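Student: Structure: data04.tsv, TSV, C-alpha atoms (C1' of nucleotides).
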```tsv
chain	number	residue	atom	x	y	z
G	1	MET	CA	-39.69	-91.79	238.82
G	2	MET	CA	-41.21	-92.07	235.38
G	3	LYS	CA	-40.78	-89.19	232.99
G	4	HIS	CA	-43.55	-87.67	230.96
G	5	ASN	CA	-42.36	-87.55	227.35
G	6	SER	CA	-43.58	-87.91	223.81
G	7	GLU	CA	-42.96	-91.67	223.72
G	8	ASN	CA	-45.20	-92.58	226.62
G	9	CYS	CA	-48.03	-90.08	226.36
G	10	ARG	CA	-50.68	-89.14	223.87
G	11	SER	CA	-50.55	-85.34	224.23
G	12	ASN	CA	-49.47	-82.60	226.61
G	13	CYS	CA	-52.99	-81.72	227.60
G	14	PRO	CA	-53.40	-81.43	231.39
G	15	ILE	CA	-56.57	-83.51	231.35
G	16	ASN	CA	-54.79	-86.22	229.43
G	17	PHE	CA	-51.88	-86.02	231.90
G	18	VAL	CA	-54.02	-87.20	234.80
G	19	LEU	CA	-55.67	-89.84	232.62
G	20	GLU	CA	-52.29	-91.42	231.96
G	21	THR	CA	-52.04	-92.21	235.69
G	22	PHE	CA	-55.64	-92.27	236.92
G	23	GLY	CA	-57.61	-93.21	233.80
G	24	ASP	CA	-59.04	-96.53	234.93
G	25	LYS	CA	-61.69	-97.84	237.28
G	26	TRP	CA	-59.41	-98.55	240.27
G	27	THR	CA	-56.53	-96.14	240.81
G	28	LEU	CA	-58.56	-93.32	242.31
G	29	LEU	CA	-60.08	-95.71	244.85
G	30	ILE	CA	-56.60	-96.36	246.21
G	31	ILE	CA	-56.05	-92.61	246.53
G	32	ARG	CA	-59.39	-92.34	248.32
G	33	ASP	CA	-58.38	-95.07	250.79
G	34	LEU	CA	-55.03	-93.42	251.47
G	35	MET	CA	-56.52	-89.94	251.77
G	36	PHE	CA	-59.81	-90.39	253.60
G	37	LYS	CA	-59.72	-93.83	255.17
G	38	ARG	CA	-56.14	-93.79	256.46
G	39	LYS	CA	-55.36	-97.11	254.88
G	40	LYS	CA	-51.67	-97.82	254.46
G	41	HIS	CA	-51.35	-101.57	253.90
G	42	TYR	CA	-51.89	-103.79	250.89
G	43	GLY	CA	-54.37	-105.96	252.76
G	44	GLU	CA	-56.48	-102.94	253.70
G	45	PHE	CA	-56.85	-101.81	250.08
G	46	LEU	CA	-57.98	-105.32	249.18
G	47	GLN	CA	-60.81	-105.12	251.70
G	48	SER	CA	-62.59	-102.08	250.24
G	49	ASP	CA	-66.20	-102.42	249.11
G	50	GLU	CA	-65.37	-102.42	245.41
G	51	ASN	CA	-63.37	-105.66	245.59
G	52	ILE	CA	-60.25	-104.92	243.63
G	53	ALA	CA	-58.39	-108.01	242.43
G	54	THR	CA	-54.99	-108.59	244.00
G	55	ASN	CA	-53.04	-108.54	240.72
G	56	ILE	CA	-54.70	-105.26	239.67
G	57	LEU	CA	-53.95	-103.73	243.07
G	58	ALA	CA	-50.28	-104.69	242.80
G	59	SER	CA	-49.98	-103.20	239.32
G	60	ARG	CA	-51.74	-99.96	240.31
G	61	LEU	CA	-49.59	-99.49	243.41
G	62	ARG	CA	-46.51	-99.95	241.27
G	63	ARG	CA	-47.75	-97.42	238.73
G	64	LEU	CA	-48.56	-94.85	241.42
G	65	GLU	CA	-45.10	-95.31	242.87
G	66	ASP	CA	-43.51	-94.99	239.41
G	67	HIS	CA	-45.41	-91.75	238.90
G	68	GLY	CA	-44.31	-90.32	242.24
G	69	VAL	CA	-47.80	-90.22	243.74
G	70	ILE	CA	-47.16	-92.69	246.57
G	71	THR	CA	-44.19	-94.20	248.39
G	72	ARG	CA	-43.70	-97.83	249.39
G	73	SER	CA	-41.60	-98.53	252.47
G	74	ALA	CA	-40.92	-101.13	255.14
G	75	ASP	CA	-43.25	-101.07	258.11
G	76	PRO	CA	-41.08	-100.65	261.23
G	77	ALA	CA	-43.78	-102.37	263.27
G	78	ASN	CA	-43.79	-105.51	261.12
G	79	ALA	CA	-41.20	-106.53	258.55
G	80	ALA	CA	-43.72	-108.65	256.63
G	81	LYS	CA	-45.77	-105.54	255.90
G	82	ARG	CA	-45.22	-102.57	253.61
G	83	LEU	CA	-46.34	-99.03	254.23
G	84	TYR	CA	-47.92	-97.07	251.42
G	85	ASN	CA	-48.12	-93.29	251.78
G	86	LEU	CA	-49.05	-90.30	249.65
G	87	THR	CA	-46.23	-88.03	248.50
G	88	ALA	CA	-46.71	-84.25	248.34
G	89	LYS	CA	-47.77	-84.75	244.73
G	90	GLY	CA	-50.31	-87.32	245.87
G	91	LYS	CA	-51.63	-85.09	248.63
G	92	GLY	CA	-52.05	-82.39	246.01
G	93	LEU	CA	-54.89	-84.43	244.55
G	94	LEU	CA	-57.08	-83.51	247.51
G	95	PRO	CA	-58.85	-80.53	245.86
G	96	ILE	CA	-59.75	-82.77	242.91
G	97	MET	CA	-61.08	-85.43	245.26
G	98	LEU	CA	-63.19	-82.89	247.12
G	99	GLU	CA	-64.70	-81.51	243.90
G	100	ILE	CA	-65.50	-85.06	242.83
G	101	ASN	CA	-67.14	-85.57	246.17
G	102	ALA	CA	-69.23	-82.43	245.77
G	103	TRP	CA	-70.35	-83.38	242.27
G	104	SER	CA	-71.37	-86.88	243.29
G	105	ALA	CA	-73.14	-85.66	246.40
G	106	LYS	CA	-75.20	-83.44	244.13
G	107	HIS	CA	-75.94	-85.96	241.39
G	108	ASP	CA	-76.04	-89.33	243.12
G	109	THR	CA	-79.08	-89.74	245.32
G	110	LEU	CA	-77.56	-92.89	246.81
G	111	THR	CA	-74.23	-91.35	247.79
G	112	ASN	CA	-72.91	-92.41	251.14
G	113	THR	CA	-71.22	-89.06	251.80
G	114	PRO	CA	-72.58	-87.72	255.11
G	115	GLU	CA	-74.61	-84.53	254.59
G	116	GLU	CA	-72.58	-82.92	257.33
G	117	PHE	CA	-69.42	-83.39	255.30
G	118	SER	CA	-70.93	-81.93	252.10
G	119	ARG	CA	-72.22	-78.98	254.06
G	120	ARG	CA	-68.84	-78.23	255.64
G	121	LEU	CA	-67.21	-78.62	252.24
G	122	LYS	CA	-69.52	-75.96	250.80
G	123	VAL	CA	-69.11	-73.58	253.70
G	124	ASP	CA	-65.35	-73.79	254.17
G	125	LYS	CA	-63.41	-75.89	251.72
G	126	GLU	CA	-60.03	-74.65	252.96
G	127	ALA	CA	-60.81	-75.85	256.48
G	128	VAL	CA	-61.72	-79.31	255.17
G	129	ILE	CA	-58.49	-79.43	253.18
G	130	ALA	CA	-56.43	-78.48	256.22
G	131	GLU	CA	-58.20	-81.05	258.34
G	132	VAL	CA	-57.78	-83.94	255.90
G	133	LEU	CA	-54.11	-83.09	255.35
G	134	SER	CA	-53.36	-82.89	259.06
G	135	ALA	CA	-54.80	-86.39	259.51
G	136	LEU	CA	-52.33	-87.81	256.99
G	137	ASP	CA	-49.31	-88.15	259.30
B	1	MET	CA	-81.47	-91.90	231.83
B	2	MET	CA	-79.62	-94.68	233.58
B	3	LYS	CA	-80.28	-95.25	237.24
B	4	HIS	CA	-77.60	-95.74	239.85
B	5	ASN	CA	-78.51	-98.87	241.78
B	6	SER	CA	-76.95	-101.85	243.49
B	7	GLU	CA	-77.02	-104.00	240.34
B	8	ASN	CA	-74.92	-101.70	238.18
B	9	CYS	CA	-72.47	-100.23	240.66
B	10	ARG	CA	-69.82	-101.44	243.01
B	11	SER	CA	-70.51	-99.17	245.98
B	12	ASN	CA	-72.17	-95.88	246.91
B	13	CYS	CA	-68.88	-94.08	247.39
B	14	PRO	CA	-68.83	-90.70	245.62
B	15	ILE	CA	-65.39	-91.37	244.15
B	16	ASN	CA	-66.62	-94.65	242.77
B	17	PHE	CA	-69.70	-92.90	241.38
B	18	VAL	CA	-67.65	-90.80	238.99
B	19	LEU	CA	-65.48	-93.77	238.08
B	20	GLU	CA	-68.55	-95.64	236.84
B	21	THR	CA	-68.96	-92.97	234.15
B	22	PHE	CA	-65.50	-91.46	233.74
B	23	GLY	CA	-63.18	-94.29	234.79
B	24	ASP	CA	-61.38	-94.85	231.51
B	25	LYS	CA	-58.75	-93.20	229.35
B	26	TRP	CA	-61.13	-91.39	226.95
B	27	THR	CA	-64.36	-90.09	228.45
B	28	LEU	CA	-62.89	-87.05	230.17
B	29	LEU	CA	-61.25	-85.95	226.91
B	30	ILE	CA	-64.69	-85.66	225.34
B	31	ILE	CA	-65.79	-83.50	228.27
B	32	ARG	CA	-62.68	-81.38	227.80
B	33	ASP	CA	-63.46	-80.88	224.12
B	34	LEU	CA	-67.05	-79.91	224.86
B	35	MET	CA	-66.11	-77.63	227.72
B	36	PHE	CA	-62.93	-75.86	226.65
B	37	LYS	CA	-62.66	-76.35	222.91
B	38	ARG	CA	-66.29	-75.75	221.96
B	39	LYS	CA	-66.46	-78.94	219.95
B	40	LYS	CA	-69.97	-80.20	219.29
B	41	HIS	CA	-69.70	-82.69	216.41
B	42	TYR	CA	-68.61	-86.30	216.21
B	43	GLY	CA	-65.99	-85.52	213.59
B	44	GLU	CA	-64.42	-82.84	215.79
B	45	PHE	CA	-63.94	-85.23	218.71
B	46	LEU	CA	-62.26	-87.67	216.33
B	47	GLN	CA	-59.69	-85.03	215.38
B	48	SER	CA	-58.25	-84.42	218.85
B	49	ASP	CA	-54.56	-85.04	219.46
B	50	GLU	CA	-55.09	-88.25	221.40
B	51	ASN	CA	-56.60	-90.11	218.43
B	52	ILE	CA	-59.63	-91.82	219.85
B	53	ALA	CA	-60.94	-94.71	217.72
B	54	THR	CA	-64.33	-94.15	216.14
B	55	ASN	CA	-66.01	-97.16	217.79
B	56	ILE	CA	-64.75	-96.10	221.22
B	57	LEU	CA	-65.97	-92.55	220.65
B	58	ALA	CA	-69.44	-93.78	219.69
B	59	SER	CA	-69.68	-95.97	222.79
B	60	ARG	CA	-68.50	-93.18	225.11
B	61	LEU	CA	-70.92	-90.65	223.67
B	62	ARG	CA	-73.73	-93.13	224.21
B	63	ARG	CA	-72.66	-93.75	227.79
B	64	LEU	CA	-72.45	-90.03	228.55
B	65	GLU	CA	-75.92	-89.54	227.12
B	66	ASP	CA	-77.26	-92.52	229.10
B	67	HIS	CA	-75.81	-90.98	232.25
B	68	GLY	CA	-77.35	-87.58	231.56
B	69	VAL	CA	-74.05	-85.76	231.13
B	70	ILE	CA	-74.55	-84.77	227.48
B	71	THR	CA	-77.39	-84.48	224.99
B	72	ARG	CA	-77.43	-85.60	221.37
B	73	SER	CA	-79.64	-83.68	218.95
B	74	ALA	CA	-80.15	-82.87	215.29
B	75	ASP	CA	-78.08	-80.00	213.93
B	76	PRO	CA	-80.50	-77.46	212.43
B	77	ALA	CA	-77.75	-76.28	210.11
B	78	ASN	CA	-77.14	-79.72	208.60
B	79	ALA	CA	-79.34	-82.79	208.93
B	80	ALA	CA	-76.42	-85.14	208.38
B	81	LYS	CA	-74.78	-83.86	211.55
B	82	ARG	CA	-75.57	-84.32	215.23
B	83	LEU	CA	-75.02	-81.78	217.97
B	84	TYR	CA	-73.53	-82.89	221.25
B	85	ASN	CA	-73.92	-80.58	224.26
B	86	LEU	CA	-73.26	-80.67	227.98
B	87	THR	CA	-76.28	-80.86	230.27
B	88	ALA	CA	-76.36	-78.93	233.58
B	89	LYS	CA	-74.94	-82.09	235.18
B	90	GLY	CA	-72.15	-82.09	232.63
B	91	LYS	CA	-71.39	-78.43	233.11
B	92	GLY	CA	-71.18	-79.15	236.84
B	93	LEU	CA	-67.95	-81.03	236.12
B	94	LEU	CA	-66.16	-77.75	235.48
B	95	PRO	CA	-64.71	-77.33	239.00
B	96	ILE	CA	-63.28	-80.84	238.79
B	97	MET	CA	-61.76	-80.07	235.39
B	98	LEU	CA	-60.19	-76.88	236.68
B	99	GLU	CA	-58.65	-78.64	239.68
B	100	ILE	CA	-57.26	-81.29	237.36
B	101	ASN	CA	-55.84	-78.52	235.24
B	102	ALA	CA	-54.21	-76.89	238.26
B	103	TRP	CA	-52.69	-80.17	239.45
B	104	SER	CA	-51.26	-81.00	236.03
B	105	ALA	CA	-49.93	-77.49	235.53
B	106	LYS	CA	-48.04	-77.92	238.78
B	107	HIS	CA	-46.72	-81.44	238.20
B	108	ASP	CA	-46.28	-81.74	234.46
B	109	THR	CA	-43.38	-79.70	233.15
B	110	LEU	CA	-44.54	-80.34	229.60
B	111	THR	CA	-48.13	-79.18	230.10
B	112	ASN	CA	-49.55	-77.11	227.29
B	113	THR	CA	-51.75	-75.04	229.62
B	114	PRO	CA	-50.88	-71.37	229.08
B	115	GLU	CA	-49.29	-69.83	232.18
B	116	GLU	CA	-51.75	-67.00	231.90
B	117	PHE	CA	-54.65	-69.40	232.36
B	118	SER	CA	-53.10	-71.06	235.42
B	119	ARG	CA	-52.42	-67.69	236.94
B	120	ARG	CA	-55.97	-66.48	236.46
B	121	LEU	CA	-57.25	-69.75	237.84
B	122	LYS	CA	-55.24	-69.24	241.01
B	123	VAL	CA	-56.22	-65.60	241.41
B	124	ASP	CA	-59.93	-65.87	240.69
B	125	LYS	CA	-61.35	-69.31	240.11
B	126	GLU	CA	-64.95	-68.10	240.19
B	127	ALA	CA	-64.31	-65.67	237.36
B	128	VAL	CA	-62.79	-68.44	235.23
B	129	ILE	CA	-65.80	-70.65	235.96
B	130	ALA	CA	-68.22	-67.91	234.95
B	131	GLU	CA	-66.27	-67.22	231.78
B	132	VAL	CA	-66.09	-70.84	230.64
B	133	LEU	CA	-69.77	-71.38	231.37
B	134	SER	CA	-70.82	-68.29	229.47
B	135	ALA	CA	-68.94	-69.54	226.41
B	136	LEU	CA	-70.97	-72.75	226.38
B	137	ASP	CA	-74.06	-71.44	224.59
T	1	DT	C1'	-38.00	-125.46	267.33
T	2	DT	C1'	-41.43	-126.57	264.49
T	3	DA	C1'	-45.97	-125.73	262.56
T	4	DT	C1'	-49.40	-122.64	261.19
T	5	DT	C1'	-50.93	-118.39	259.70
T	6	DT	C1'	-50.44	-113.77	257.87
T	7	DC	C1'	-48.86	-110.87	254.38
T	8	DA	C1'	-47.66	-109.09	249.96
T	9	DC	C1'	-47.40	-110.31	246.19
T	10	DT	C1'	-47.06	-113.55	241.28
T	11	DT	C1'	-48.79	-116.78	237.83
T	12	DG	C1'	-51.95	-118.84	234.49
T	13	DC	C1'	-55.91	-118.82	232.09
T	14	DA	C1'	-60.58	-117.16	230.49
T	15	DA	C1'	-63.41	-113.13	229.50
T	16	DA	C1'	-63.94	-108.41	228.38
T	17	DA	C1'	-62.43	-104.23	226.41
T	18	DA	C1'	-59.52	-101.54	223.31
T	19	DG	C1'	-57.42	-100.72	218.83
T	20	DC	C1'	-57.43	-100.87	213.90
T	21	DA	C1'	-59.26	-101.11	209.19
T	22	DA	C1'	-62.94	-101.45	206.41
T	23	DG	C1'	-67.81	-101.01	205.46
T	24	DT	C1'	-72.71	-98.87	205.55
T	25	DG	C1'	-76.36	-95.73	204.85
T	26	DG	C1'	-78.46	-91.16	205.25
T	27	DC	C1'	-77.75	-86.42	203.62
T	28	DT	C1'	-75.74	-82.61	200.84
T	29	DG	C1'	-73.77	-79.83	197.39
T	30	DG	C1'	-72.82	-79.75	192.62
E	1	DC	C1'	-78.12	-88.29	189.92
E	2	DC	C1'	-73.69	-88.78	191.66
E	3	DA	C1'	-69.49	-87.91	194.52
E	4	DG	C1'	-68.34	-86.94	198.93
E	5	DC	C1'	-69.21	-86.02	203.78
E	6	DC	C1'	-70.85	-87.50	208.08
E	7	DA	C1'	-71.99	-90.42	211.89
E	8	DC	C1'	-71.69	-94.29	212.91
E	9	DT	C1'	-71.21	-100.15	212.82
E	10	DT	C1'	-68.80	-104.50	211.99
E	11	DG	C1'	-65.13	-107.87	212.22
E	12	DC	C1'	-60.90	-109.12	213.71
E	13	DT	C1'	-56.50	-108.82	216.52
E	14	DT	C1'	-54.22	-107.35	220.59
E	15	DT	C1'	-54.21	-105.76	225.19
E	16	DT	C1'	-56.18	-105.44	229.64
E	17	DT	C1'	-59.09	-107.18	233.26
E	18	DG	C1'	-60.92	-110.60	236.36
E	19	DC	C1'	-60.67	-114.67	238.91
E	20	DA	C1'	-58.47	-118.63	241.34
E	21	DA	C1'	-54.64	-120.65	242.84
E	22	DG	C1'	-49.86	-120.57	244.22
E	23	DT	C1'	-45.36	-118.75	246.42
E	24	DG	C1'	-42.02	-117.28	249.75
E	25	DA	C1'	-40.70	-114.37	253.56
E	26	DA	C1'	-41.91	-113.12	258.22
E	27	DA	C1'	-44.91	-113.37	262.45
E	28	DT	C1'	-47.28	-116.00	265.78
E	29	DA	C1'	-48.72	-120.21	268.27
E	30	DA	C1'	-47.62	-124.74	270.08
```
Take the structure from the file and write it as structure tokens.

Tutor:
Amino acid sequence: MMKHNSENCRSNCPINFVLETFGDKWTLLIIRDLMFKRKKHYGEFLQSDENIATNILASRLRRLEDHGVITRSADPANAAKRLYNLTAKGKGLLPIMLEINAWSAKHDTLTNTPEEFSRRLKVDKEAVIAEVLSALD
Amino acid sequence: MMKHNSENCRSNCPINFVLETFGDKWTLLIIRDLMFKRKKHYGEFLQSDENIATNILASRLRRLEDHGVITRSADPANAAKRLYNLTAKGKGLLPIMLEINAWSAKHDTLTNTPEEFSRRLKVDKEAVIAEVLSALD
DNA sequence: TTATTTCACTTGCAAAAAGCAAGTGGCTGG
DNA sequence: CCAGCCACTTGCTTTTTGCAAGTGAAATAA
């Protein structure tokens, strides 16, 4: 796994720390797919609405693996496929993702987040966290 | 203020919604400076550790204003200066920022977040939110 | 067993964005 | 009125993105 040191980062600010891994238009969409849409294969990430290019996807998956956020492994069901999964570090991003969700639900009138989900998130965030995490295995 | 519609965005996913505004290596650092470091002037943003280029800073400030996250106004104390401030929408990013802080504090051994701050964040997040917000005026 | 298709990538090239250094023009303090 | 500060803009180089096509290993179909 990649180390965080003075050669490869701009500062030791915690906001900057996440930007070094997630500061682009695509990486967080992969996390979303892994976390909420149960996607695990390269081809599934390619099919998301935002249309990520295949070379960008490959480079982002490699970076996430380098940073210890996801793992890449052989798929026992099909040797031509690879399985991508969140590590504990990756799963730890869930509270951030949920706050992002809440902010967008509030400020984007076109958001496709179901009202029911936003409501449950407001009422009992911990329950939503537990539920999403339990679906990840 | 800019509208969110099908011509200028890739999808109506809430994660994607924030990426349209904050999906780059610099924008969130400006929010950090406004929110936690009480910076309000162009020259102050330029002086942060990460060394943002002046043309990039100008374009990001304009984008944030276009998206209704900050305001730009004359500084009554000095007509050569401009004042940048968070709007209510911008202040609403605070829970996201705090979760980012918590994640980095946990996963970055070099983080410069004081332990004291992380501890208080864990113990009483709402109090930290109230405190940061009250310092914003 | 061979042929075709699926899958996870890589490669090459054009377009866009970032990075850097220098310049501009209003305002201020002396 | 002039030197310096302040918030930018401009021009150019380098890096990153975006798009289309290609590759090779493994599955599936004939």

Student: Can you tell me which residues surround segment 72-81 of chain B at a distance of at most 7 Å, considering all atoms listed in the file, apart from same-chain residues fewer than 2 positions away, and format the answer as a list in words?

Tutor: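 Surrounding residues, per the criterion: Ile70, Leu83, Tyr84 and Asn85 of chain B; DC27 of chain T; DC6 of chain E.
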
Student: Output as a PyMOL selection string the set of chain G residues within 8 Å of chain B, with distances taken over only C-alpha atoms.

Tutor: chain G and resi 4-5+10-20+23-26+28-29+32+49-50+89+92-93+95-97+99-101+103-105+107-108+110-113

Student: Since chain G and chain B share a sequence, can you fit the second onto the first over all C-alpha atoms in order and output it as an mmCIF file with C-alpha atoms, in the frame of the given file?

Tutor:
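Once written, part-v4.cif looks like this:
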```cif
data_model
loop_
_atom_site.group_PDB
_atom_site.id
_atom_site.type_symbol
_atom_site.label_atom_id
_atom_site.label_comp_id
_atom_site.auth_asym_id
_atom_site.auth_seq_id
_atom_site.Cartn_x
_atom_site.Cartn_y
_atom_site.Cartn_z
ATOM 1 C CA MET B 1 -39.657 -91.787 238.792
ATOM 2 C CA MET B 2 -41.224 -92.046 235.372
ATOM 3 C CA LYS B 3 -40.783 -89.180 232.974
ATOM 4 C CA HIS B 4 -43.565 -87.635 230.948
ATOM 5 C CA ASN B 5 -42.373 -87.529 227.354
ATOM 6 C CA SER B 6 -43.622 -87.884 223.811
ATOM 7 C CA GLU B 7 -42.993 -91.645 223.709
ATOM 8 C CA ASN B 8 -45.222 -92.552 226.638
ATOM 9 C CA CYS B 9 -48.047 -90.053 226.344
ATOM 10 C CA ARG B 10 -50.676 -89.100 223.856
ATOM 11 C CA SER B 11 -50.558 -85.317 224.214
ATOM 12 C CA ASN B 12 -49.466 -82.570 226.603
ATOM 13 C CA CYS B 13 -53.007 -81.697 227.597
ATOM 14 C CA PRO B 14 -53.399 -81.414 231.382
ATOM 15 C CA ILE B 15 -56.579 -83.494 231.343
ATOM 16 C CA ASN B 16 -54.786 -86.197 229.431
ATOM 17 C CA PHE B 17 -51.887 -86.000 231.888
ATOM 18 C CA VAL B 18 -54.019 -87.197 234.777
ATOM 19 C CA LEU B 19 -55.662 -89.833 232.606
ATOM 20 C CA GLU B 20 -52.267 -91.412 231.945
ATOM 21 C CA THR B 21 -52.030 -92.207 235.666
ATOM 22 C CA PHE B 22 -55.626 -92.257 236.883
ATOM 23 C CA GLY B 23 -57.593 -93.197 233.762
ATOM 24 C CA ASP B 24 -59.027 -96.501 234.918
ATOM 25 C CA LYS B 25 -61.685 -97.826 237.260
ATOM 26 C CA TRP B 26 -59.405 -98.545 240.258
ATOM 27 C CA THR B 27 -56.525 -96.139 240.793
ATOM 28 C CA LEU B 28 -58.548 -93.312 242.302
ATOM 29 C CA LEU B 29 -60.063 -95.705 244.852
ATOM 30 C CA ILE B 30 -56.585 -96.373 246.210
ATOM 31 C CA ILE B 31 -56.044 -92.623 246.530
ATOM 32 C CA ARG B 32 -59.378 -92.352 248.318
ATOM 33 C CA ASP B 33 -58.386 -95.064 250.781
ATOM 34 C CA LEU B 34 -55.043 -93.416 251.477
ATOM 35 C CA MET B 35 -56.525 -89.956 251.775
ATOM 36 C CA PHE B 36 -59.830 -90.382 253.588
ATOM 37 C CA LYS B 37 -59.727 -93.815 255.170
ATOM 38 C CA ARG B 38 -56.157 -93.774 256.469
ATOM 39 C CA LYS B 39 -55.371 -97.110 254.889
ATOM 40 C CA LYS B 40 -51.676 -97.819 254.462
ATOM 41 C CA HIS B 41 -51.355 -101.581 253.904
ATOM 42 C CA TYR B 42 -51.897 -103.802 250.898
ATOM 43 C CA GLY B 43 -54.384 -105.968 252.758
ATOM 44 C CA GLU B 44 -56.493 -102.941 253.699
ATOM 45 C CA PHE B 45 -56.857 -101.816 250.083
ATOM 46 C CA LEU B 46 -57.975 -105.336 249.187
ATOM 47 C CA GLN B 47 -60.812 -105.117 251.713
ATOM 48 C CA SER B 48 -62.597 -102.094 250.243
ATOM 49 C CA ASP B 49 -66.197 -102.440 249.105
ATOM 50 C CA GLU B 50 -65.369 -102.422 245.409
ATOM 51 C CA ASN B 51 -63.376 -105.672 245.566
ATOM 52 C CA ILE B 52 -60.256 -104.942 243.604
ATOM 53 C CA ALA B 53 -58.379 -108.057 242.429
ATOM 54 C CA THR B 54 -54.989 -108.600 244.015
ATOM 55 C CA ASN B 55 -53.033 -108.554 240.733
ATOM 56 C CA ILE B 56 -54.701 -105.302 239.676
ATOM 57 C CA LEU B 57 -53.961 -103.740 243.056
ATOM 58 C CA ALA B 58 -50.285 -104.691 242.813
ATOM 59 C CA SER B 59 -49.982 -103.207 239.325
ATOM 60 C CA ARG B 60 -51.731 -99.966 240.323
ATOM 61 C CA LEU B 61 -49.591 -99.496 243.411
ATOM 62 C CA ARG B 62 -46.507 -99.940 241.259
ATOM 63 C CA ARG B 63 -47.760 -97.417 238.727
ATOM 64 C CA LEU B 64 -48.561 -94.857 241.422
ATOM 65 C CA GLU B 65 -45.094 -95.299 242.875
ATOM 66 C CA ASP B 66 -43.503 -95.010 239.413
ATOM 67 C CA HIS B 67 -45.406 -91.768 238.895
ATOM 68 C CA GLY B 68 -44.319 -90.339 242.239
ATOM 69 C CA VAL B 69 -47.800 -90.220 243.739
ATOM 70 C CA ILE B 70 -47.157 -92.690 246.575
ATOM 71 C CA THR B 71 -44.198 -94.216 248.382
ATOM 72 C CA ARG B 72 -43.709 -97.835 249.395
ATOM 73 C CA SER B 73 -41.611 -98.538 252.482
ATOM 74 C CA ALA B 74 -40.931 -101.109 255.173
ATOM 75 C CA ASP B 75 -43.276 -101.041 258.151
ATOM 76 C CA PRO B 76 -41.133 -100.616 261.279
ATOM 77 C CA ALA B 77 -43.829 -102.339 263.304
ATOM 78 C CA ASN B 78 -43.817 -105.500 261.184
ATOM 79 C CA ALA B 79 -41.234 -106.518 258.603
ATOM 80 C CA ALA B 80 -43.734 -108.634 256.699
ATOM 81 C CA LYS B 81 -45.788 -105.539 255.937
ATOM 82 C CA ARG B 82 -45.237 -102.581 253.631
ATOM 83 C CA LEU B 83 -46.362 -99.028 254.243
ATOM 84 C CA TYR B 84 -47.935 -97.075 251.428
ATOM 85 C CA ASN B 85 -48.122 -93.281 251.775
ATOM 86 C CA LEU B 86 -49.057 -90.303 249.644
ATOM 87 C CA THR B 87 -46.234 -88.047 248.488
ATOM 88 C CA ALA B 88 -46.696 -84.246 248.330
ATOM 89 C CA LYS B 89 -47.772 -84.768 244.706
ATOM 90 C CA GLY B 90 -50.320 -87.309 245.862
ATOM 91 C CA LYS B 91 -51.632 -85.094 248.614
ATOM 92 C CA GLY B 92 -52.034 -82.374 245.984
ATOM 93 C CA LEU B 93 -54.894 -84.431 244.542
ATOM 94 C CA LEU B 94 -57.078 -83.503 247.499
ATOM 95 C CA PRO B 95 -58.850 -80.539 245.842
ATOM 96 C CA ILE B 96 -59.741 -82.765 242.898
ATOM 97 C CA MET B 97 -61.079 -85.431 245.257
ATOM 98 C CA LEU B 98 -63.188 -82.900 247.115
ATOM 99 C CA GLU B 99 -64.695 -81.531 243.902
ATOM 100 C CA ILE B 100 -65.501 -85.068 242.820
ATOM 101 C CA ASN B 101 -67.129 -85.597 246.175
ATOM 102 C CA ALA B 102 -69.212 -82.443 245.788
ATOM 103 C CA TRP B 103 -70.336 -83.386 242.277
ATOM 104 C CA SER B 104 -71.355 -86.897 243.311
ATOM 105 C CA ALA B 105 -73.130 -85.665 246.421
ATOM 106 C CA LYS B 106 -75.192 -83.437 244.162
ATOM 107 C CA HIS B 107 -75.944 -85.962 241.418
ATOM 108 C CA ASP B 108 -76.036 -89.320 243.146
ATOM 109 C CA THR B 109 -79.084 -89.766 245.336
ATOM 110 C CA LEU B 110 -77.565 -92.912 246.803
ATOM 111 C CA THR B 111 -74.230 -91.366 247.787
ATOM 112 C CA ASN B 112 -72.901 -92.431 251.148
ATOM 113 C CA THR B 113 -71.213 -89.073 251.802
ATOM 114 C CA PRO B 114 -72.554 -87.724 255.103
ATOM 115 C CA GLU B 115 -74.591 -84.544 254.601
ATOM 116 C CA GLU B 116 -72.547 -82.938 257.318
ATOM 117 C CA PHE B 117 -69.379 -83.395 255.284
ATOM 118 C CA SER B 118 -70.915 -81.923 252.122
ATOM 119 C CA ARG B 119 -72.190 -78.977 254.077
ATOM 120 C CA ARG B 120 -68.823 -78.232 255.628
ATOM 121 C CA LEU B 121 -67.202 -78.607 252.242
ATOM 122 C CA LYS B 122 -69.511 -75.971 250.805
ATOM 123 C CA VAL B 123 -69.098 -73.582 253.720
ATOM 124 C CA ASP B 124 -65.342 -73.793 254.171
ATOM 125 C CA LYS B 125 -63.402 -75.881 251.709
ATOM 126 C CA GLU B 126 -60.031 -74.660 252.962
ATOM 127 C CA ALA B 127 -60.784 -75.850 256.475
ATOM 128 C CA VAL B 128 -61.716 -79.310 255.180
ATOM 129 C CA ILE B 129 -58.489 -79.424 253.168
ATOM 130 C CA ALA B 130 -56.414 -78.483 256.200
ATOM 131 C CA GLU B 131 -58.183 -81.061 258.334
ATOM 132 C CA VAL B 132 -57.751 -83.944 255.897
ATOM 133 C CA LEU B 133 -54.101 -83.085 255.339
ATOM 134 C CA SER B 134 -53.357 -82.904 259.036
ATOM 135 C CA ALA B 135 -54.788 -86.398 259.489
ATOM 136 C CA LEU B 136 -52.323 -87.816 256.971
ATOM 137 C CA ASP B 137 -49.319 -88.184 259.276
#
```

Student: Sort by chain and increasing residue number a table of all residues of chain T within 9 Å of chain B, each with its closest pair of atoms and their distance in Å to one decimal, counting all atoms listed in the file, and write it as a tab-separated table.

Tutor:
```
residue	atom	partner	partner_atom	distance
T:DA18	C1'	B:Ile56	CA	7.8
T:DG19	C1'	B:Ala53	CA	7.1
T:DC20	C1'	B:Ala53	CA	8.1
T:DG26	C1'	B:Ala80	CA	7.1
T:DC27	C1'	B:Ala80	CA	5.1
T:DT28	C1'	B:Ala80	CA	8.0
```
